[in-house]
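Reproduced below: protein02.cif, with mmCIF, C-alpha atoms.
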data_coords
loop_
_atom_site.label_atom_id
_atom_site.label_comp_id
_atom_site.auth_asym_id
_atom_site.auth_seq_id
_atom_site.Cartn_x
_atom_site.Cartn_y
_atom_site.Cartn_z
CA MET A 1 -1.54 11.90 21.89
CA GLU A 2 -2.52 9.85 24.94
CA LYS A 3 0.39 11.32 26.90
CA TYR A 4 -0.49 14.84 25.75
CA LEU A 5 -4.15 14.55 26.85
CA ARG A 6 -3.16 13.14 30.23
CA GLU A 7 -0.72 16.03 30.72
CA TRP A 8 -3.44 18.47 29.67
CA ASN A 9 -5.76 16.99 32.29
CA GLN A 10 -3.12 17.43 34.98
CA ARG A 11 -2.27 20.96 33.84
CA GLU A 12 -5.91 22.05 33.87
CA GLY A 13 -6.64 20.27 37.15
CA GLN A 14 -9.55 18.29 35.74
CA GLU A 15 -10.30 14.93 34.15
CA ALA A 16 -11.74 16.31 30.92
CA TYR A 17 -10.46 13.38 28.87
CA GLN A 18 -10.58 9.66 29.46
CA VAL A 19 -8.20 7.90 27.12
CA GLY A 20 -8.37 4.27 26.07
CA LYS A 21 -5.92 2.57 23.72
CA ILE A 22 -6.48 -0.55 21.65
CA SER A 23 -4.22 -2.50 19.31
CA LEU A 24 -5.43 -3.59 15.89
CA ARG A 25 -2.48 -5.89 15.21
CA ASN A 26 -4.45 -9.11 15.57
CA GLY A 27 -7.56 -7.72 13.89
CA GLU A 28 -9.77 -8.99 16.68
CA ALA A 29 -9.76 -6.20 19.25
CA SER A 30 -13.23 -4.92 20.10
CA LEU A 31 -13.89 -1.20 20.11
CA PRO A 32 -14.79 0.34 23.48
CA GLU A 33 -18.33 1.58 24.06
CA GLY A 34 -19.26 4.98 25.38
CA PHE A 35 -16.41 6.89 23.73
CA ASP A 36 -16.93 10.09 21.76
CA VAL A 37 -13.94 9.90 19.40
CA LEU A 38 -11.78 7.29 17.73
CA LEU A 39 -8.36 8.59 16.70
CA HIS A 40 -6.99 6.11 14.16
CA VAL A 41 -3.18 6.18 14.06
CA ALA A 42 -2.42 2.66 12.86
CA GLY A 43 -0.49 2.70 9.60
CA ILE A 44 2.66 1.72 7.77
CA ALA A 45 5.12 4.21 6.29
CA HIS A 46 8.77 5.21 5.88
CA ALA A 47 9.74 2.30 3.63
CA ASP A 48 11.97 2.65 0.60
CA THR A 49 9.34 2.97 -2.11
CA GLY A 50 11.88 2.42 -4.89
CA ARG A 51 12.48 -1.31 -4.74
CA VAL A 52 10.01 -3.39 -2.76
CA ALA A 53 8.30 -6.71 -3.29
CA GLU A 54 4.71 -6.86 -4.47
CA GLU A 55 3.74 -8.46 -1.16
CA THR A 56 5.06 -5.39 0.67
CA LYS A 57 2.99 -3.13 -1.55
CA ARG A 58 -0.11 -5.21 -0.83
CA LEU A 59 0.62 -4.89 2.88
CA TYR A 60 0.46 -1.09 2.57
CA TYR A 61 -3.04 -1.32 1.10
CA ARG A 62 -4.17 -3.86 3.71
CA ILE A 63 -3.01 -1.64 6.58
CA ASN A 64 -3.41 1.93 5.33
CA ARG A 65 -6.65 1.42 3.42
CA ASP A 66 -8.48 -1.78 4.36
CA LEU A 67 -7.79 -1.73 8.10
CA THR A 68 -8.67 1.97 8.28
CA VAL A 69 -12.02 1.50 6.55
CA GLU A 70 -12.86 -1.59 8.58
CA THR A 71 -12.09 0.26 11.82
CA ALA A 72 -14.22 3.24 10.77
CA LYS A 73 -17.16 0.94 10.04
CA ARG A 74 -16.82 -0.68 13.45
CA ALA A 75 -16.63 2.75 15.08
CA ARG A 76 -19.86 3.79 13.37
CA GLU A 77 -21.55 0.57 14.48
CA ALA A 78 -20.36 1.19 18.04
CA GLY A 79 -22.02 4.63 18.01
CA ILE A 80 -18.78 6.63 18.13
CA PRO A 81 -19.70 9.97 16.51
CA LEU A 82 -16.24 11.17 15.38
CA PHE A 83 -13.51 9.26 13.52
CA ILE A 84 -10.17 11.04 13.03
CA TYR A 85 -7.80 9.74 10.37
CA LEU A 86 -4.19 10.86 10.02
CA SER A 87 -3.46 11.03 6.30
CA SER A 88 -0.56 12.80 4.57
CA VAL A 89 0.21 15.47 1.99
CA ILE A 90 1.98 12.64 0.18
CA VAL A 91 -1.37 12.10 -1.57
CA TYR A 92 -0.31 15.03 -3.79
CA GLY A 93 2.91 13.35 -4.89
CA ASP A 94 6.57 13.94 -4.17
CA SER A 95 8.44 17.14 -3.40
CA ALA A 96 9.76 19.30 -6.20
CA GLY A 97 13.50 19.01 -6.79
CA PRO A 98 16.06 21.56 -5.55
CA GLY A 99 15.43 24.97 -7.09
CA LYS A 100 11.82 24.08 -7.91
CA SER A 101 8.61 24.59 -5.95
CA ARG A 102 5.48 22.55 -5.30
CA HIS A 103 2.64 24.52 -3.71
CA ILE A 104 -0.67 22.89 -2.78
CA THR A 105 -3.83 24.98 -3.14
CA ALA A 106 -7.56 24.26 -3.15
CA ASP A 107 -7.32 23.59 -6.89
CA THR A 108 -4.56 20.98 -6.58
CA GLU A 109 -5.82 17.47 -7.28
CA PRO A 110 -4.32 14.51 -5.39
CA GLU A 111 -1.83 12.60 -7.55
CA PRO A 112 0.02 10.00 -5.47
CA ALA A 113 3.47 9.13 -6.80
CA ASN A 114 3.77 5.72 -5.16
CA PHE A 115 1.86 2.96 -3.40
CA TYR A 116 2.22 4.61 0.00
CA GLY A 117 0.48 7.80 -1.12
CA GLU A 118 -2.07 5.83 -3.13
CA SER A 119 -2.96 3.63 -0.14
CA LYS A 120 -3.56 6.71 2.02
CA TYR A 121 -5.65 8.43 -0.66
CA GLN A 122 -7.78 5.35 -1.31
CA ALA A 123 -8.51 5.19 2.42
CA GLU A 124 -9.70 8.82 2.29
CA LEU A 125 -12.05 8.07 -0.60
CA GLU A 126 -13.58 5.09 1.18
CA LEU A 127 -13.97 7.01 4.44
CA ALA A 128 -15.90 9.73 2.62
CA LYS A 129 -18.57 7.14 1.78
CA LEU A 130 -19.11 6.35 5.46
CA ARG A 131 -20.04 9.87 6.59
CA ARG A 132 -23.49 10.30 8.12
CA LYS A 133 -25.25 12.99 10.14
CA ASP A 134 -24.38 11.06 13.28
CA PHE A 135 -20.93 9.92 12.14
CA HIS A 136 -18.34 12.54 11.30
CA VAL A 137 -15.01 11.77 9.63
CA ALA A 138 -12.07 14.15 10.02
CA VAL A 139 -9.14 13.61 7.64
CA LEU A 140 -5.87 15.37 8.45
CA ARG A 141 -3.46 15.68 5.51
CA LEU A 142 -0.27 16.18 7.46
CA PRO A 143 3.10 17.54 6.35
CA MET A 144 6.29 16.32 8.03
CA VAL A 145 5.72 15.93 11.78
CA TYR A 146 8.72 16.55 14.02
CA GLY A 147 9.43 16.45 17.73
CA GLN A 148 10.88 14.23 20.41
CA GLY A 149 10.60 10.57 19.44
CA SER A 150 9.43 11.31 15.90
CA LYS A 151 10.34 9.01 13.03
CA GLY A 152 11.10 9.58 9.37
CA ASN A 153 13.03 12.60 8.11
CA PHE A 154 13.52 14.54 11.33
CA PRO A 155 15.80 12.02 13.13
CA MET A 156 17.93 11.94 9.99
CA LEU A 157 18.30 15.74 10.12
CA VAL A 158 19.24 15.53 13.80
CA LYS A 159 22.02 13.04 12.99
CA LEU A 160 23.31 15.26 10.21
CA ALA A 161 23.29 18.35 12.43
CA ARG A 162 25.26 16.52 15.10
CA SER A 163 27.85 15.05 12.76
CA LEU A 164 28.44 17.56 9.95
CA PRO A 165 30.32 20.86 10.42
CA VAL A 166 28.96 22.21 7.10
CA PHE A 167 25.69 21.78 5.22
CA PRO A 168 24.39 22.88 1.79
CA ASP A 169 22.60 26.23 1.82
CA ILE A 170 19.64 25.25 -0.37
CA ASP A 171 16.81 27.79 -0.13
CA ASN A 172 13.84 25.41 -0.12
CA ARG A 173 10.50 25.73 1.69
CA ARG A 174 8.48 22.98 3.35
CA SER A 175 5.26 22.84 5.34
CA VAL A 176 5.92 21.09 8.67
CA ILE A 177 4.13 20.71 11.99
CA TYR A 178 5.54 20.39 15.48
CA VAL A 179 4.10 17.36 17.28
CA GLU A 180 2.71 19.41 20.19
CA HIS A 181 0.94 21.68 17.71
CA LEU A 182 -0.57 18.58 16.11
CA ALA A 183 -1.66 17.21 19.48
CA GLU A 184 -3.33 20.49 20.41
CA PHE A 185 -5.01 20.67 17.01
CA ILE A 186 -6.46 17.19 17.54
CA ARG A 187 -7.63 18.12 21.04
CA LEU A 188 -9.45 21.18 19.73
CA LEU A 189 -10.92 19.11 16.91
CA ILE A 190 -12.21 16.61 19.47
CA GLU A 191 -13.83 19.47 21.35
CA SER A 192 -15.57 20.70 18.21
CA GLY A 193 -16.69 17.25 17.06
CA GLU A 194 -16.19 18.54 13.52
CA GLY A 195 -15.54 16.40 10.47
CA GLY A 196 -13.98 17.43 7.17
CA LEU A 197 -10.63 17.73 5.45
CA PHE A 198 -7.93 19.61 7.37
CA PHE A 199 -4.39 20.84 6.69
CA PRO A 200 -2.77 21.75 10.03
CA GLN A 201 0.77 23.10 9.84
CA ASN A 202 3.17 25.46 11.57
CA GLU A 203 2.66 29.15 10.94
CA GLU A 204 6.12 29.31 9.34
CA TYR A 205 7.48 27.28 6.44
CA ALA A 206 10.76 25.54 7.16
CA SER A 207 13.99 25.39 5.20
CA THR A 208 15.98 22.16 5.48
CA ALA A 209 19.22 24.12 5.86
CA GLN A 210 17.81 26.40 8.54
CA MET A 211 16.32 23.40 10.35
CA VAL A 212 19.69 21.63 10.45
CA LYS A 213 21.37 24.82 11.64
CA ALA A 214 18.75 25.30 14.38
CA ILE A 215 19.08 21.67 15.51
CA GLY A 216 22.83 22.08 15.74
CA GLU A 217 22.56 25.28 17.77
CA ALA A 218 20.02 23.67 20.11
CA GLY A 219 22.64 21.02 20.84
CA GLY A 220 25.45 23.52 21.28
CA LYS A 221 27.04 22.94 17.87
CA LYS A 222 27.69 25.41 15.09
CA VAL A 223 26.73 24.21 11.60
CA TYR A 224 27.96 26.40 8.74
CA LEU A 225 25.77 26.71 5.66
CA MET A 226 27.72 26.77 2.40
CA ARG A 227 26.33 27.63 -1.03
CA ALA A 228 29.47 26.07 -2.54
CA LEU A 229 27.94 22.66 -1.78
CA ASN A 230 24.70 23.40 -3.66
CA PRO A 231 25.90 22.12 -7.07
CA VAL A 232 26.62 18.73 -5.47
CA VAL A 233 23.02 18.57 -4.22
CA LYS A 234 21.66 19.38 -7.68
CA ILE A 235 23.81 16.67 -9.26
CA CYS A 236 22.61 14.12 -6.68
CA SER A 237 18.99 15.10 -7.30
CA LYS A 238 19.31 14.03 -10.94
CA MET A 239 20.73 10.61 -10.12
CA PRO A 240 18.42 7.62 -10.58
CA GLY A 241 17.23 5.45 -7.71
CA ARG A 242 17.41 6.05 -3.99
CA ILE A 243 20.05 8.81 -4.05
CA GLY A 244 18.00 11.07 -6.30
CA GLN A 245 14.81 10.25 -4.44
CA MET A 246 16.27 11.05 -1.01
CA THR A 247 17.95 14.24 -2.26
CA ASN A 248 14.72 15.60 -3.72
CA LYS A 249 12.87 14.66 -0.54
CA ALA A 250 15.39 16.42 1.69
CA PHE A 251 16.05 19.54 -0.38
CA GLY A 252 12.89 19.91 -2.46
CA SER A 253 10.08 22.35 -1.75
CA PHE A 254 6.60 21.24 -0.72
CA THR A 255 4.25 23.81 0.78
CA VAL A 256 0.55 23.89 1.60
CA ASP A 257 -1.31 27.14 1.11
CA PRO A 258 -2.20 28.71 4.49
CA GLY A 259 -5.66 29.46 3.11
CA LEU A 260 -6.63 25.80 3.03
CA ASN A 261 -8.93 24.62 5.81
CA GLN A 262 -6.90 24.41 9.00
CA GLY A 263 -9.87 23.90 11.31
CA PRO A 264 -9.53 25.02 14.95
CA GLU A 265 -7.46 28.10 15.68
CA GLY A 266 -5.01 28.63 18.52
CA TYR A 267 -3.16 25.34 18.31
CA ARG A 268 0.24 26.85 17.46
CA LYS A 269 1.94 27.83 20.69
CA TYR A 270 5.63 27.98 19.77
CA THR A 271 7.81 29.66 17.19
CA PHE A 272 9.81 27.44 14.88
CA LEU A 273 13.04 27.93 16.87
CA GLU A 274 11.27 27.25 20.18
CA SER A 275 9.82 24.02 18.81
CA ILE A 276 13.24 22.86 17.58
CA ARG A 277 14.75 23.47 21.03
CA LYS A 278 11.95 21.49 22.66
CA SER A 279 12.46 18.69 20.13
CA VAL A 280 16.19 18.11 20.66
#

This structure in structure tokens:
Amino acid sequence: MEKYLREWNQREGQEAYQVGKISLRNGEASLPEGFDVLLHVAGIAHADTGRVAEETKRLYYRINRDLTVETAKRAREAGIPLFIYLSSVIVYGDSAGPGKSRHITADTEPEPANFYGESKYQAELELAKLRRKDFHVAVLRLPMVYGQGSKGNFPMLVKLARSLPVFPDIDNRRSVIYVEHLAEFIRLLIESGEGGLFFPQNEEYASTAQMVKAIGEAGGKKVYLMRALNPVVKICSKMPGRIGQMTNKAFGSFTVDPGLNQGPEGYRKYTFLESIRKSV
């Protein structure tokens, strides 16, 4: 985000944004005075949630919940009027398995499936208690974020697209957001000073198979989609442990209704295929 705002300044020929960055690793860093927004991106994620020690689970709560709330309190005390927290759609649970759908609407209640989702949701609940007329809290429940340098599922799809000549043709749907779309959304949110609960996402849902195919084509490689491989995916999705979990995550459907509050408009600049080309 820092890089994006600096590039925006250069592109527009003005110093509209002054960006400061602090580390919370030692728990002692003081918050800067005179700033209008604190964008809180510290967190822990992408661990195997199947088999972990209790100490690791406690670490998730200390970082994702306790550190977040403590930082928000310090921001309020420092007179910073807007606190932005990057949460996740994982607060609603896991993806549906292959052939099934999971669609989030305004009536869907959060139901975390593991300690990662629960730690993020508990942070949201505590942040809601801190809101004041002069202290706004913006919570962004994000789907999968992809782009250059991203972590998590996207690098895995890039590796698959570069190494596999064929890929299962599972017709799933997922809400995703390109990292530059997210950065522009946050910039517009900063401009508005608005708090609330937001669900930014690309205009188009993504299919895992089509994403892998597009990644391959962006790198000059042809990936063939084969429905003959689909039964193997469905068998793997029913297996216990990590294999079943990863299969459902990769090939399951998880979509957010476009009617949910997306906040500022005009943050989506690229089509899905354009964003994939820029990412790889």

Open item on the list: Give me the residues near stretch 78-89 of chain A as a VMD selection string, where near means some atom within 8 Å (using only C-alpha atoms) and where sequence neighbours in that chain fewer than 6 positions away do not count.
Closed with: chain A and resid 31 to 41 72 117 120 to 121 124 134 to 143 190 193 to 195

TODO: Check the smallest atom-to-atom distance from each of A:Ala75, A:Val52, A:Ala218, A:Ala106 to A:Gly259 using only C-alpha atoms, then report the winner.
DONE: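 Using only C-alpha atoms, the shortest distance to A:Gly259 belongs to A:Ala106.
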
Task: Interatomic distance, atom CA of A:Ile90 to atom CA of A:Glu118 (Å, one decimal) - done: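 So the two atoms, atom CA of A:Ile90 and atom CA of A:Glu118, lie 8.6 Å apart.
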
Open item on the list: So the first atom is atom CA of A:Asn261 and the second is atom CA of A:Tyr92; what is the distance between them in Å, to one decimal place?
Closed with: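 These atoms are spaced 16.1 Å apart.
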
Per residue of stretch 133-208 of chain A within 12 Å of stretch 234-248 of chain A, what are the shortest atom pair and its distance in Å to one decimal, counting all atoms listed in the file, with rows by chain and residue number, as CSV?
residue,atom,partner,partner_atom,distance
A:Gly152,CA,A:Met246,CA,11.7
A:Asn153,CA,A:Met246,CA,9.8
A:Met156,CA,A:Met246,CA,11.2
A:Pro168,CA,A:Lys234,CA,10.5
A:Asp169,CA,A:Lys234,CA,11.7
A:Ile170,CA,A:Lys234,CA,9.6
A:Asn172,CA,A:Asn248,CA,10.5
A:Arg174,CA,A:Asn248,CA,12.0
A:Thr208,CA,A:Thr247,CA,11.2

Open item on the list: Calculated over only C-alpha atoms, which of the candidates A:Gly99, A:Glu77, A:Val69, A:Pro110 has the smallest distance to A:Glu126?
Closed with: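 Among the listed residues, A:Val69 lies closest to A:Glu126.
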
- [ ] Quote the spacing between atom CA of A:Lys21 and atom CA of A:Met1 in Å to one decimal place.
- [x] 10.5 Å

Task: Picked residues, the PyMOL selection byres ((chain A and resi 158) around 12), expected as an MDAnalysis selection string - done: chainID A and resid 146:157 159:164 208:209 211:219 221 223 276:277 279:280
